[in-house]
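Okay, structure first, notes after.
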Protein chains: 6
Amino acid sequence: MVDCTPPTDAVDAAVRRALTEDLTPLGDITSALLDPQLVTVARFVARDPGVLAGSACARRTFELVDGDVTMQWHRDDGDVLAPGDVIAEVRGSLRSILTAERTALNFMSHLSGVATLTRRFADAAAAGGPTRIWDTRKTIPGLRALEKAAVRAGGGVNHRGNLSDWVMVKDNHLLGAPITDLVTRARAAWPGRTVHVECDTITQVGEAVDAGADALLLDNMDPSMVAQCVALVADRCGDGRRPLVEASGGITLDNVASYAAAGVDCISVGAITNAAGVLDIGLDIAAPAP
Amino acid sequence: MVDCTPPTDAVDAAVRRALTEDLTPLGDITSALLDPQLVTVARFVARDPGVLAGSACARRTFELVDGDVTMQWHRDDGDVLAPGDVIAEVRGSLRSILTAERTALNFMSHLSGVATLTRRFADAAAAGGPTRIWDTRKTIPGLRALEKAAVRAGGGVNHRGNLSDWVMVKDNHLLGAPITDLVTRARAAWPGRTVHVECDTITQVGEAVDAGADALLLDNMDPSMVAQCVALVADRCGDGRRPLVEASGGITLDNVASYAAAGVDCISVGAITNAAGVLDIGLDIAAPAP
Amino acid sequence: MVDCTPPTDAVDAAVRRALTEDLTPLGDITSALLDPQLVTVARFVARDPGVLAGSACARRTFELVDGDVTMQWHRDDGDVLAPGDVIAEVRGSLRSILTAERTALNFMSHLSGVATLTRRFADAAAAGGPTRIWDTRKTIPGLRALEKAAVRAGGGVNHRGNLSDWVMVKDNHLLGAPITDLVTRARAAWPGRTVHVECDTITQVGEAVDAGADALLLDNMDPSMVAQCVALVADRCGDGRRPLVEASGGITLDNVASYAAAGVDCISVGAITNAAGVLDIGLDIAAPAP
Amino acid sequence: MVDCTPPTDAVDAAVRRALTEDLTPLGDITSALLDPQLVTVARFVARDPGVLAGSACARRTFELVDGDVTMQWHRDDGDVLAPGDVIAEVRGSLRSILTAERTALNFMSHLSGVATLTRRFADAAAAGGPTRIWDTRKTIPGLRALEKAAVRAGGGVNHRGNLSDWVMVKDNHLLGAPITDLVTRARAAWPGRTVHVECDTITQVGEAVDAGADALLLDNMDPSMVAQCVALVADRCGDGRRPLVEASGGITLDNVASYAAAGVDCISVGAITNAAGVLDIGLDIAAPAP
Amino acid sequence: MVDCTPPTDAVDAAVRRALTEDLTPLGDITSALLDPQLVTVARFVARDPGVLAGSACARRTFELVDGDVTMQWHRDDGDVLAPGDVIAEVRGSLRSILTAERTALNFMSHLSGVATLTRRFADAAAAGGPTRIWDTRKTIPGLRALEKAAVRAGGGVNHRGNLSDWVMVKDNHLLGAPITDLVTRARAAWPGRTVHVECDTITQVGEAVDAGADALLLDNMDPSMVAQCVALVADRCGDGRRPLVEASGGITLDNVASYAAAGVDCISVGAITNAAGVLDIGLDIAAPAP
Amino acid sequence: MVDCTPPTDAVDAAVRRALTEDLTPLGDITSALLDPQLVTVARFVARDPGVLAGSACARRTFELVDGDVTMQWHRDDGDVLAPGDVIAEVRGSLRSILTAERTALNFMSHLSGVATLTRRFADAAAAGGPTRIWDTRKTIPGLRALEKAAVRAGGGVNHRGNLSDWVMVKDNHLLGAPITDLVTRARAAWPGRTVHVECDTITQVGEAVDAGADALLLDNMDPSMVAQCVALVADRCGDGRRPLVEASGGITLDNVASYAAAGVDCISVGAITNAAGVLDIGLDIAAPAP
């Protein structure tokens with residue numbers, strides 16, 4: 001399976017920002033009312049079925065709130081969760097646990113939501129044929145690295161990471177120059193880098209294949225037209241290496257299998273990052289001992 | 001209407017972060033292939049009905065990408081959008097517009113998604129009676145200030161901003177001390193500050209009212225039990241000022257009216273910030289002139 | 001007693017900034033002249049009587065300068081200090097201790113100064129009657145969270161943390177709309193949140209009470225007029241809950257008891273944060289061993 | 001006169017931090033209640049006599065809060081203020097002016113407090129003889145650059161800026177090596193850089209002069225002993241260049257002239273930065289027009 | 001030509017850091033001695049032949065130091081400079097110009113050094129055949145984006161931007177798994193992304209071609225062995241698309257043409273970023289007028 | 001020897017920036033293909049002779065990438081390295097070691113390059129006479145503190161750290177006022193601080209000595225003219241303390257000894273920081289065990 005660990009610098013920075021926005025300026029004024037000697041055990045528990053992601057953020061949250069709190073993890077990012085599964089156990093000051101609770105949950109429930117919806121799309125697509133679920137750049141601003149890791153936790157794969165990563169000629173770039181020109185310029189300007197072309201028509205598919213694109217984005221086509229494009233690509237490329245074919249636009253859990261069946265390599269879904277909702281995870285806290 | 005402008009420091013910081021994650025390290029390598037002299041006009045257009053939010057982030061995105069791009073705004077945060085409505089018009093370099101496009105859209109579509117779902121809850125609740133939709137601390141880490149502003153744009157109101165804002169005694173705090181003690185301690189420790197108590201039973205409602213809480217969170221009760229609690233509160237308080245009553249837990253678009261009808265002041269919904277999805281907004285770009 | 005721990009994120013950020021401003025760009029060029037093998041013991045000692053605050057900042061300073069230095073604390077924030085009291089003992093490299101010394105002292109002496117003056121106001125007020133000393137937003141820019149924690153260490157209580165915290169209608173807001181309107185708008189816009197009204201006259205006091213304010217700021221009144229206002233409030237509210245009454249403006253150690261005697265709940269004093277001076281704390285360093 | 005402009009990067013960073021701590025997460029919830037169309041004129045007015053500092057911070061505060069607010073300045077940093085003097089005039093949205101008010105005032109009143117106390121020390125010293133008032137590293141953490149600029153505004157001069165600036169051998173460094181050794185090492189390690197030696201006895205003064213120190217800090221001596229040291233220095237140095245002589249420790253407005261009369265070049269006073277209090281400056285706001 | 005503009009966020013952040021390190025804490029204490037009314041004209045002039053880069057950093061430096069200084073640019077990044085060429089003209093306060101001078105020059109001379117050495121390698125390689133000069137990840141920490149833009153200004157092209165960009169299997173990865181396995185895993189894990197394989201032997205070249213690598217890094221081979229590898233690749237790939245072939249290791253201005261003649265597509269040179277030295281650029285300042 | 005440890009805050013900040021630029025947004029996508037269980041030993045080895053610097057940055061890089069990796073250091077900053085010398089040994093996950101490798105090497109090879117060239121200049125100068133090699137402000141933006149520490153590691157000494165450090169009157173300042181005036185103003189404005197004057201002619205040398213400058217920069221003079229200036233200084237100063245004399249401009253490894261022989265105290269060389277190239281250091285990684 002693809003590694004789904006997010007970069008440590010991204011985790012640290014995101015958690016620090018989240019704590020600052022939750023604690024400025026007075027800190028947790030409610031937990032401050034509790035006896036600081038009270039210690040307890042708390043368990044992160046899945047309430048709904050899903051896939052875990054975001055554990056590194058939860059871990060970092062507790063480290064930054066109170067270095068004396070200890071955590072024991074029973075599940076890793078990418079693990080399937082059933083309702084009632086204990087994800088991790090936390091021991092330490094009741095005050096600190098309550099202060100960290102919401103931040104840790106906000107990360108884990110959002111990122112597990114991303115992983116869970118990704119897994120649902122991946123499973124639905126598998127019914128149609130072997131294809132992969134790709135994410136997009138439609139991520140929540142500031143959380144790109146974490147959401148892309150969550151997509152991997154859900155069994156999806158990552159499309160380009162950002163604008164700097166690979167060349168992607170979209171319809172609006174074609175307002176500036178034709179496909180062939182842009183592919184040629186891209187090869188010259190950025191050798192070795194993936195050149196990906198959005199095609200809205202079968203004519204453009206032919207043009208992009210001839211221009212030597214590495215990948216084709218078939219945007220907003222129905223499955224039968226997608227199948228025609230896939231066939232055209234196979235036909236033009238023969239025994240040689242053929243570009244990766246991606247379907248995109250209007251993909252839902254209901255129709256994803258039919259796109260997979262049309263033979264594409266990847267299906268990209270903006271919703272897995274920008275409309276995934278949350279996985280319901282709770283923190284069950286035992287009565288503390290003084 | 002409530003002002004729905006987000007703090008400028010929060011806008012600036014969030015947009016800088018988003019641009020950095022999208023442009024590190026090489027910048028927009030695709031737009032770099034276009035002739036820098038091409039200038040064009042582009043229009044942000046609503047594709048679905050909804051409520052606008054996030055315009056300040058979109059504006060700041062273009063300012064930071066290219067100070068020479070100009071924008072003209074036809075809609076403000078909080079405005080209702082019909083499909084096809086032109087939100088804003090952008091003029092300038094095609095390159096710059098394409099570089100800024102996704103960041104601007106990620107902010108506007110996410111935040112308008114928050115505003116739109118808030119409005120839907122507010123409208124649904126209104127069918128049951130006069131009540132307000134409250135957000136929660138279940139926000140996307142790093143975007144608290146922007147999402148809370150989007151909730152206001154959608155006609156909702158903001159619950160406490162963070163842990164530092166007002167005292168909120170929840171079930172887990174009661175593991176450490178009883179309601180009456182915690183309210184008393186809160187009054188002593190944080191005079192002048194709202195003291196809010198979560199109640200899971202009608203007995204706790206009575207206890208919290210007697211303790212002098214400013215607000216009660218009725219958590220995970222059905223509408224009829226909520227109505228009983230509302231009646232109890234009215235009864236105990238008589239002519240005096242009574243605490244604000246909030247319902248929370250399991251609230252959906254389908255049942256929100258019945259909670260409103262039960263007489264609560266506010267209904268808090270985590271989903272409006274953490275599960276709102278996006279409002280579909282597009283950027284239509286005209287063919288450029290050299 | 002109120003918990004007086006500052007948020008860890010605020011401590012970490014403030015200490016990093018302070019070290020950077022003291023060490024850019026060459027580091028501590030004097031300590032660099034000493035033999036790096038010299039190790040010693042040093043003691044933070046109170047030179048004057050007062051109340052301790054800022055210990056978390058001192059601790060973080062040493063951690064960041066040299067993780068091998070160890071500290072043992074004999075006093076906590078909020079403890080009363082007599083001249084000669086040993087606050088903490090530090091063991092480690094003489095170089096590192098000298099590098100960290102001034103930064104640690106700048107935090108502790110400033111924040112203990114805040115705590116100490118707060119305690120003096122609290123003690124002086126107690127002679128007049130039961131009242132609390134409230135801080136204000138008149139804090140040193142960048143140190144709000146730390147100073148507000150120091151106020152709590154001194155036995156004071158925290159007024160609103162910032163502009164986002166609760167509604168406070170001051171004289172200048174009344175240029176825009178009358179009291180009753182603003183209170184009504186505040187209730188609608190920010191349900192559940194404290195609404196505080198500044199009153200410069202007894203007429204305004206009546207108006208604010210009738211409007212349902214949660215708290216009244218009696219600004220720049222003499223104690224006898226304050227007492228009249230307190231009586232008016234009691235009279236209007238009868239058995240019901242009455243707004244918190246705050247006196248402010250021109251409060252000194254000499255007159256604070258007379259304001260307390262006038263029956264107010266809280267007395268706010270800007271001077272405890274912006275004019276507290278420092279508590280004299282020194283670092284006594286023993287002759288090092290190689 | 002010495003230039004008293006603070007570095008622009010320090011102003012910008014400090015103001016951004018101050019606004020974030022005052023506006024996180026909901027912004028100014030009180031001003032949000034006002035009609036956004038109301039515009040007004042406001043005047044920063046000195047309430048007490050003093051010396052202005054911090055104007056760059058006030059200017060930057062308004063720029064960041066609302067770029068449409070305009071300011072006209074009638075006084076500059078370093079100007080003497082009489083009660084009633086109009087420092088600056090601000091025109092723009094009432095909302096924005098109220099949001100920025102406290103942050104702008106916190107900077108200006110604190111920094112003008114520093115400038116004002118510095119001027120008082122400088123004036124008091126002048127009665128004793130020609131000497132200069134020096135600041136120290138006893139500054140508020142995070143505000144070093146701004147406070148040092150305020151000292152210059154008050155007619156003081158800046159001692160070393162930080163630990164990286166010049167070599168300063170203090171009593172605790174002498175625990176590690178004798179004066180002569182440390183001066184020798186300093187000359188070798190940091191050629192061209194000021195070497196300053198703290199002397200607690202007249203014997204040490206002789207030793208430091210012989211070692212070739214550039215400056216001597218006479219710490220905690222009474223004026224007559226200071227005078228003896230000054231004479232010793234003059235005697236040893238003859239026609240040659242003699243080290244700068246500084247007095248420090250226990251200097252007050254009452255005794256500063258006697259130290260000046262003792263013939264020192266500079267008198268350093270920690271209180272001008274860490275115990276200056278504030279200069280009372282107010283913002284008078286005119287009734288707005290819609 | 002390839003666009004050589006660096007991302008604006010990278011420019012802004014790097015310039016702010018540079019100014020802070022040069023101005024902390026007292027600012028420019030020498031320029032502060034000059035009359036603030038003096039205004040002048042200054043010209044950035046090339047002293048040696050080369051290629052310009054870094055102009056955006058110089059522009060941003062002046063904007064941040066003093067917004068009233070104006071600049072007129074006569075040369076753009078990527079332009080060839082002859083000794084004596086005027087790059088830009090600056091008008092404004094003498095003080096501000098002197099404060100900004102070194103920071104602006106440090107950026108421009110370093111980045112123009114990178115562009116100039118890149119151009120020299122590109123020109124030298126062109127004598128051997130059509131090939132491109134590629135940079136590496138051997139960049140100065142913190143300046144990756146700016147140096148990569150300078151490489152483009154010099155006529156070079158950018159290899160992967162960072163570790164997140166494309167897959168690059170190097171000798172040390174082969175300690176963990178064989179080439180074929182790693183290429184297969186890479187295709188599965190990161191579809192659509194360039195897979196680049198370092199080959200130290202001709203056997204590995206065959207293996208990598210068979211595994212379907214997109215690019216081959218021939219490391220530390222002499223030109224004749226490189227030519228054999230190029231022939232092998234051509235032979236194996238026939239009419240189909242063949243992987244890009246890169247030579248690397250021990251490339252100098254003297255031997256780069258022989259590598260180009262061996263038929264590689266790209267030659268990567270760490271020295272163009274980490275050993276480029278500086279282009280000598282000066283700032284000629286005219287006598288100021290008051 | 002001069003201490004050559006860089007300030008910890010500068011190390012931490014620079015390493016965090018470097019990791020973020022190398023890992024945004026997806027992390028190390030190649031190492032992610034390896035089995036996470038593989039652990040290994042790796043050795044940093046010098047390939048060329050030189051002087052070590054930057055070890056603190058390498059250490060911090062591994063700490064931030066993976067806290068479980070352990071390091072054992074065999075050489076310290078300032079140590080002379082022979083080809084083949086093992087600098088440090090790293091044990092831990094192969095993945096983590098590969099992720100950290102380039103960042104650690106970029107710091108160490110650049111900073112050791114600075115130390116090595118400094119040492120070469122120092123050694124070459126020593127052949128001419130006792131003099132010191134001084135660095136300049138011609139440093140790579142953002143790395144000033146680290147490069148200045150590397151200069152010390154190479155046996156050089158640090159000139160002023162930045163514009164805030166000491167007064168340095170250069171030719172362009174003389175456009176605004178004559179030497180004598182500027183020295184006088186500097187003494188008044190910044191007592192105790194080094195005043196350094198650039199002299200392009202022997203007349204200016206005399207003027208600067210008479211004005212009482214602490215140091216003289218003889219810019220772009222040939223060694224015989226430098227010797228005349230040194231003699232003039234000695235003559236004017238007699239038995240008294242004489243200013244430090246620095247030579248600068250056009251100094252190379254070939255001519256540095258002749259400048260040393262001319263009797264200057266210090267010779268400043270911009271090239272040691274801005275044109276030092278890198279010291280070749282490699283990381284040899286052993287085959288991992290699962």
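Each chain in the structure tokens gets a letter, A, B, ..., in the order shown, and its residues are numbered from 1; ligands are numbered from 1 in order too.
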DSSP on the backbone, then: every residue of stretch 29-136 of chain D marked alpha helix (DSSP H), written as number ranges by chain.
D: 55-65, 94-126
Residues at most 9 Å from D:Ala10, counting only C-alpha atoms, excluding those fewer than 5 positions away in the same chain, as a PyMOL selection string?
(chain D and resi 15+143+145-146) or (chain E and resi 20+23-25)
Chain E contacts to chain F at 7 Å (only C-alpha atoms) as a ChimeraX atom specification
/E:14,17-18,22-30,33-34,106-107,138-142,162-164,167-169,172,175-176,182,185-186,274-278,285,287-288
When DSSP works through the backbone of this structure, what residues of stretch 99-278 of chain D end up as strand (DSSP E or B), shown as a count of residues only?
25
Which residues are near stretch 245-260 of chain E? Cut-off 10 Å, only C-alpha atoms, ignore same chain within fewer than 3 positions. Put them as an MDAnalysis selection string.
(chainID A and resid 192) or (chainID E and resid 117 120:134 136 196:199 205 214:227 229:230 233 242 263:271)
Point-to-point distance from atom CA of D:Asp79 to atom CA of D:Gly282, Å rounded to tenths
16.8 Å
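Between atom CA of A:Thr5 and atom CA of F:Asp68 lies a distance of 15.4 Å.
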What's the 12 Å shell around stretch 235-237 of chain D, counting only C-alpha atoms, without same-chain residues fewer than 2 positions away, as JSON, numbers by chain?
{"D": [205, 206, 207, 208, 209, 210, 211, 212, 213, 214, 228, 229, 230, 231, 232, 233, 239, 240, 241, 242, 243, 244], "F": [239, 240, 241]}
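Interatomic distance, atom CA of A:Arg47 to atom CA of A:Val157: 26.2 Å.
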From the set B:Ala153, B:Ala42, B:Cys57, B:Val51, which residue has the shortest atom-to-atom contact distance to B:Ser93, counting only C-alpha atoms?
B:Ala42
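Near F:Val65, within 7 Å and counting only C-alpha atoms, sit Thr8 of chain A; Thr61, Phe62, Ser96 and Ala100 of chain F; same-chain residues fewer than 3 positions away were not included.
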